[in-house]
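Novice: My file is model-v9.cif. It has mmCIF, C-alpha atoms:
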data_upload
#
loop_
_atom_site.group_PDB
_atom_site.id
_atom_site.type_symbol
_atom_site.label_atom_id
_atom_site.label_comp_id
_atom_site.auth_asym_id
_atom_site.auth_seq_id
_atom_site.Cartn_x
_atom_site.Cartn_y
_atom_site.Cartn_z
ATOM 1 C CA MET X 1 149.595 159.132 64.338
ATOM 2 C CA ARG X 2 152.607 157.103 63.239
ATOM 3 C CA LEU X 3 152.842 155.452 66.679
ATOM 4 C CA VAL X 4 149.176 154.480 66.460
ATOM 5 C CA LEU X 5 149.685 152.996 62.974
ATOM 6 C CA VAL X 6 152.753 151.014 64.069
ATOM 7 C CA THR X 7 150.859 149.772 67.134
ATOM 8 C CA LEU X 8 147.927 148.646 64.968
ATOM 9 C CA VAL X 9 150.231 146.798 62.571
ATOM 10 C CA VAL X 10 152.014 145.050 65.457
ATOM 11 C CA LEU X 11 148.670 144.058 67.004
ATOM 12 C CA ALA X 12 147.359 142.751 63.667
ATOM 13 C CA VAL X 13 150.494 140.693 63.026
ATOM 14 C CA GLY X 14 150.424 139.358 66.593
ATOM 15 C CA ALA X 15 146.747 138.405 66.299
ATOM 16 C CA ALA X 16 147.349 136.619 62.987
ATOM 17 C CA ALA X 17 150.300 134.721 64.452
ATOM 18 C CA ALA X 18 148.299 133.752 67.537
ATOM 19 C CA GLU X 19 145.402 132.554 65.384
ATOM 20 C CA ALA X 20 147.716 130.509 63.181
ATOM 21 C CA ALA X 21 149.444 129.048 66.231
ATOM 22 C CA SER X 22 146.165 128.067 67.861
ATOM 23 C CA ALA X 23 144.575 126.507 64.751
ATOM 24 C CA PRO X 24 144.956 122.709 64.852
ATOM 25 C CA ILE X 25 147.008 121.180 62.047
ATOM 26 C CA VAL X 26 144.147 118.764 61.385
ATOM 27 C CA PRO X 27 140.972 120.857 61.035
ATOM 28 C CA GLN X 28 138.366 120.425 63.786
ATOM 29 C CA THR X 29 135.732 119.265 61.287
ATOM 30 C CA VAL X 30 138.103 116.545 60.057
ATOM 31 C CA GLN X 31 138.920 115.526 63.629
ATOM 32 C CA ALA X 32 135.184 115.118 64.312
ATOM 33 C CA GLN X 33 134.825 112.925 61.202
ATOM 34 C CA ILE X 34 137.790 110.778 62.264
ATOM 35 C CA GLN X 35 136.430 110.402 65.799
ATOM 36 C CA ARG X 36 133.049 109.228 64.474
ATOM 37 C CA ARG X 37 134.501 106.849 61.871
ATOM 38 C CA ALA X 38 137.432 105.380 63.828
ATOM 39 C CA PRO X 39 136.962 106.001 67.574
ATOM 40 C CA GLN X 40 139.513 103.348 68.653
ATOM 41 C CA LEU X 41 142.213 104.850 66.392
ATOM 42 C CA ALA X 42 141.152 108.515 66.510
ATOM 43 C CA TYR X 43 144.583 110.091 66.935
ATOM 44 C CA ALA X 44 145.994 113.151 65.199
ATOM 45 C CA PRO X 45 149.345 114.900 65.434
ATOM 46 C CA THR X 46 149.450 118.294 67.115
ATOM 47 C CA ARG X 47 152.771 119.250 65.516
ATOM 48 C CA ILE X 48 154.045 119.074 61.951
ATOM 49 C CA ALA X 49 157.169 120.362 60.222
ATOM 50 C CA PRO X 50 157.069 124.002 59.055
ATOM 51 C CA GLY X 51 155.451 124.447 55.649
ATOM 52 C CA PHE X 52 153.415 121.246 55.786
ATOM 53 C CA ARG X 53 149.630 121.472 55.627
ATOM 54 C CA TYR X 54 146.825 118.972 56.099
ATOM 55 C CA ARG X 55 145.842 117.317 52.795
ATOM 56 C CA VAL X 56 143.484 114.352 53.314
ATOM 57 C CA TRP X 57 142.639 111.449 55.626
ATOM 58 C CA ARG X 58 141.504 107.870 55.042
ATOM 59 C CA PHE X 59 140.350 105.039 57.273
ATOM 60 C CA GLU X 60 140.723 101.469 56.127
ATOM 61 C CA PRO X 61 139.999 98.526 58.404
ATOM 62 C CA ASP X 62 142.327 98.868 61.392
ATOM 63 C CA THR X 63 144.359 101.751 59.939
ATOM 64 C CA LEU X 64 143.878 105.522 60.037
ATOM 65 C CA ARG X 65 146.077 107.648 57.759
ATOM 66 C CA ILE X 66 146.363 111.454 57.677
ATOM 67 C CA TRP X 67 148.467 113.064 54.940
ATOM 68 C CA PHE X 68 150.323 116.375 55.034
ATOM 69 C CA ARG X 69 152.142 118.023 52.121
ATOM 70 C CA ASN X 70 154.428 121.004 51.618
ATOM 71 C CA LYS X 71 154.796 123.240 48.559
ATOM 72 C CA ALA X 72 157.725 121.150 47.282
ATOM 73 C CA GLY X 73 155.406 118.121 47.125
ATOM 74 C CA TRP X 74 156.996 116.304 50.055
ATOM 75 C CA GLU X 75 154.534 114.265 52.086
ATOM 76 C CA VAL X 76 154.346 113.073 55.665
ATOM 77 C CA VAL X 77 151.715 110.517 56.601
ATOM 78 C CA PHE X 78 150.563 110.057 60.181
ATOM 79 C CA VAL X 79 149.241 106.548 60.858
ATOM 80 C CA ALA X 80 147.377 105.045 63.798
ATOM 81 C CA ALA X 81 147.021 101.259 63.806
ATOM 82 C CA PRO X 82 146.842 98.413 66.311
ATOM 83 C CA GLN X 83 150.288 97.536 67.682
ATOM 84 C CA ARG X 84 151.295 93.913 67.407
ATOM 85 C CA GLY X 85 154.455 92.662 69.099
ATOM 86 C CA ASP X 86 157.131 94.728 70.814
ATOM 87 C CA CYS X 87 156.987 98.434 69.999
ATOM 88 C CA ARG X 88 160.788 98.541 69.645
ATOM 89 C CA ASP X 89 160.884 95.907 66.892
ATOM 90 C CA GLY X 90 162.702 97.261 63.843
ATOM 91 C CA MET X 91 164.088 100.388 65.484
ATOM 92 C CA GLU X 92 167.480 101.758 64.531
ATOM 93 C CA LYS X 93 167.507 104.453 67.181
ATOM 94 C CA SER X 94 165.280 106.089 69.747
ATOM 95 C CA PHE X 95 164.584 109.601 70.991
ATOM 96 C CA GLN X 96 162.940 111.086 74.051
ATOM 97 C CA LEU X 97 160.662 113.798 72.625
ATOM 98 C CA ALA X 98 158.048 115.781 74.547
ATOM 99 C CA GLY X 99 158.189 113.173 77.297
ATOM 100 C CA ASN X 100 157.572 110.289 74.878
ATOM 101 C CA LYS X 101 159.882 107.483 73.801
ATOM 102 C CA VAL X 102 159.967 107.534 69.995
ATOM 103 C CA TYR X 103 161.640 104.967 67.742
ATOM 104 C CA TRP X 104 163.020 105.507 64.234
ATOM 105 C CA SER X 105 164.090 103.397 61.265
ATOM 106 C CA HIS X 106 164.614 103.803 57.545
ATOM 107 C CA THR X 107 165.044 101.937 54.288
ATOM 108 C CA ASP X 108 166.392 103.131 50.944
ATOM 109 C CA SER X 109 162.963 104.516 50.065
ATOM 110 C CA GLU X 110 161.310 105.553 53.350
ATOM 111 C CA GLN X 111 161.877 106.676 56.919
ATOM 112 C CA GLN X 112 159.500 106.403 59.831
ATOM 113 C CA ALA X 113 159.268 107.317 63.481
ATOM 114 C CA TRP X 114 156.757 105.788 65.879
ATOM 115 C CA ARG X 115 155.614 105.418 69.435
ATOM 116 C CA CYS X 116 153.095 103.156 71.122
ATOM 117 C CA VAL X 117 150.208 104.171 73.361
ATOM 118 C CA VAL X 118 147.350 102.431 75.124
ATOM 119 C CA GLY X 119 144.214 103.209 73.120
ATOM 120 C CA PRO X 120 140.690 103.937 74.350
ATOM 121 C CA ALA X 121 139.812 100.213 74.299
ATOM 122 C CA LYS X 122 142.924 99.522 76.433
ATOM 123 C CA GLN X 123 144.604 97.972 73.391
ATOM 124 C CA PRO X 124 148.080 99.030 72.202
ATOM 125 C CA VAL X 125 148.107 101.514 69.302
ATOM 126 C CA ARG X 126 151.123 102.396 67.175
ATOM 127 C CA LEU X 127 151.400 106.046 66.080
ATOM 128 C CA VAL X 128 153.673 106.464 63.062
ATOM 129 C CA ALA X 129 154.970 109.427 61.088
ATOM 130 C CA ALA X 130 156.452 108.308 57.763
ATOM 131 C CA SER X 131 157.890 109.973 54.693
ATOM 132 C CA LEU X 132 159.547 109.075 51.421
ATOM 133 C CA VAL X 133 161.852 112.070 51.902
ATOM 134 C CA PRO X 134 165.290 110.743 52.949
ATOM 135 C CA PRO X 135 166.814 111.634 56.328
ATOM 136 C CA THR X 136 169.450 113.693 54.522
ATOM 137 C CA LYS X 137 166.665 116.141 53.553
ATOM 138 C CA PHE X 138 164.110 115.651 56.355
ATOM 139 C CA ALA X 139 165.570 115.089 59.825
ATOM 140 C CA ASP X 140 164.750 111.910 61.700
ATOM 141 C CA VAL X 141 163.894 113.978 64.760
ATOM 142 C CA GLY X 142 161.420 115.962 62.613
ATOM 143 C CA LEU X 143 159.408 112.806 62.006
ATOM 144 C CA GLY X 144 159.912 111.855 65.624
ATOM 145 C CA THR X 145 158.334 115.137 66.720
ATOM 146 C CA VAL X 146 155.245 114.402 64.629
ATOM 147 C CA ALA X 147 154.915 110.890 66.103
ATOM 148 C CA ALA X 148 155.502 112.194 69.645
ATOM 149 C CA SER X 149 152.770 114.813 69.219
ATOM 150 C CA GLY X 150 150.000 112.324 68.389
ATOM 151 C CA LYS X 151 146.997 112.817 70.692
ATOM 152 C CA LEU X 152 143.670 111.069 71.062
ATOM 153 C CA ILE X 153 140.899 113.127 69.470
ATOM 154 C CA ARG X 154 138.216 113.914 72.055
#
Turn this file's structure into structure tokens for me.
Specialist:
Amino acid sequence: MRLVLVTLVVLAVGAAAAEAASAPIVPQTVQAQIQRRAPQLAYAPTRIAPGFRYRVWRFEPDTLRIWFRNKAGWEVVFVAAPQRGDCRDGMEKSFQLAGNKVYWSHTDSEQQAWRCVVGPAKQPVRLVAASLVPPTKFADVGLGTVAASGKLIR
């Protein structure tokens, strides 16, 4: 009986973990709304730092923003916008993450990581992950991972 109970608990925990792992970080219903409203900029990250959850999205002319927040109140915003100029402009360093070249920079009040892709209309799109949390508390590569994970919503 005890072996059966332990087996059931392990299966339940495994199923919950698998479900959580397979659930997109931006809910499917939200992705569908984004795709309808902003088809040329309909990108969403597939990875986010542990503890962060989807909060809200907004589309303004030529810019899609998706916010994530953790329990401490820290925010990460994922942005998709038309790319103008050289994608490397303003970079302080670069990373190779998940097969993507990602650039990073910071100011006293913000850090951001980005990469550029060719959008559905064959126009360049800049995918950015930005946060007001300094790099001493939120690693540059953490933001880079979010930017690298951006995928076109289909």
Novice: Could you state which residues are captured by the PyMOL selection byres ((chain X and resi 133-146) around 6) in this file, as a list in words?
Specialist: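 Written out, the selection comes to Pro45, Arg47, Ile48, Ala113, Ala129, Ser131, Leu132, Ala147, Ala148 and Ser149 of chain X.
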Novice: Run the PyMOL selection byres ((chain X and resi 102) around 8) on the file and write out the hits as a list of chain:residue names.
Specialist: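 For this structure, the PyMOL selection byres ((chain X and resi 102) around 8) captures X:Ser94, X:Phe95, X:Gln96, X:Leu97, X:Asn100, X:Lys101, X:Tyr103, X:Trp104, X:Ala113, X:Trp114, X:Arg115, X:Gly144, X:Ala147, X:Ala148.
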Novice: So how far away is atom CA of X:Asp86 from atom CA of X:Leu152, in Å?
Specialist: 21.2 Å
Novice: Would you compute the distance between atom CA of X:Lys93 and atom CA of X:Thr107? Give it in Å to one decimal.
Specialist: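 Computing the Euclidean distance for atom CA of X:Lys93 and atom CA of X:Thr107 yields 13.4 Å.
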Novice: Run the PyMOL selection byres ((chain X and resi 44) around 8) against the file shown and list the residues it catches, as a PyMOL selection string.
Specialist: chain X and resi 26+31+42-43+45-46+66+78+150-153
Novice: When distances are computed from all atoms listed in the file, which of X:Leu64, X:Ala49, X:Ala32, X:Ile25 shows the smallest separation from X:Val125?
Specialist: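 Closest candidate: X:Leu64.
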Novice: Hey, can you check how far atom CA of X:Ala130 sits from atom CA of X:His106?
Specialist: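 Going from atom CA of X:Ala130 over to atom CA of X:His106 covers 9.3 Å.
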Novice: So, counting only C-alpha atoms, which residue among X:Trp74, X:Arg58, X:Gly99, X:Glu110 is closest to X:Leu41?
Specialist: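 Nearest to X:Leu41: X:Arg58.
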Novice: Return as AutoDock Vina command-line options the box centre and box size in Å, one decimal, for an axis-aligned box around all listed atoms of stretch 137-141 of chain X padded by 5 Å per side.
Specialist:
--center_x 165.3 --center_y 114.0 --center_z 59.2 --size_x 12.8 --size_y 14.2 --size_z 21.2
Novice: Smallest atom-to-atom distance to X:Lys122: which of X:Arg69, X:Pro82, X:Arg88, X:Thr29, using all atoms listed in the file?
Specialist: X:Pro82
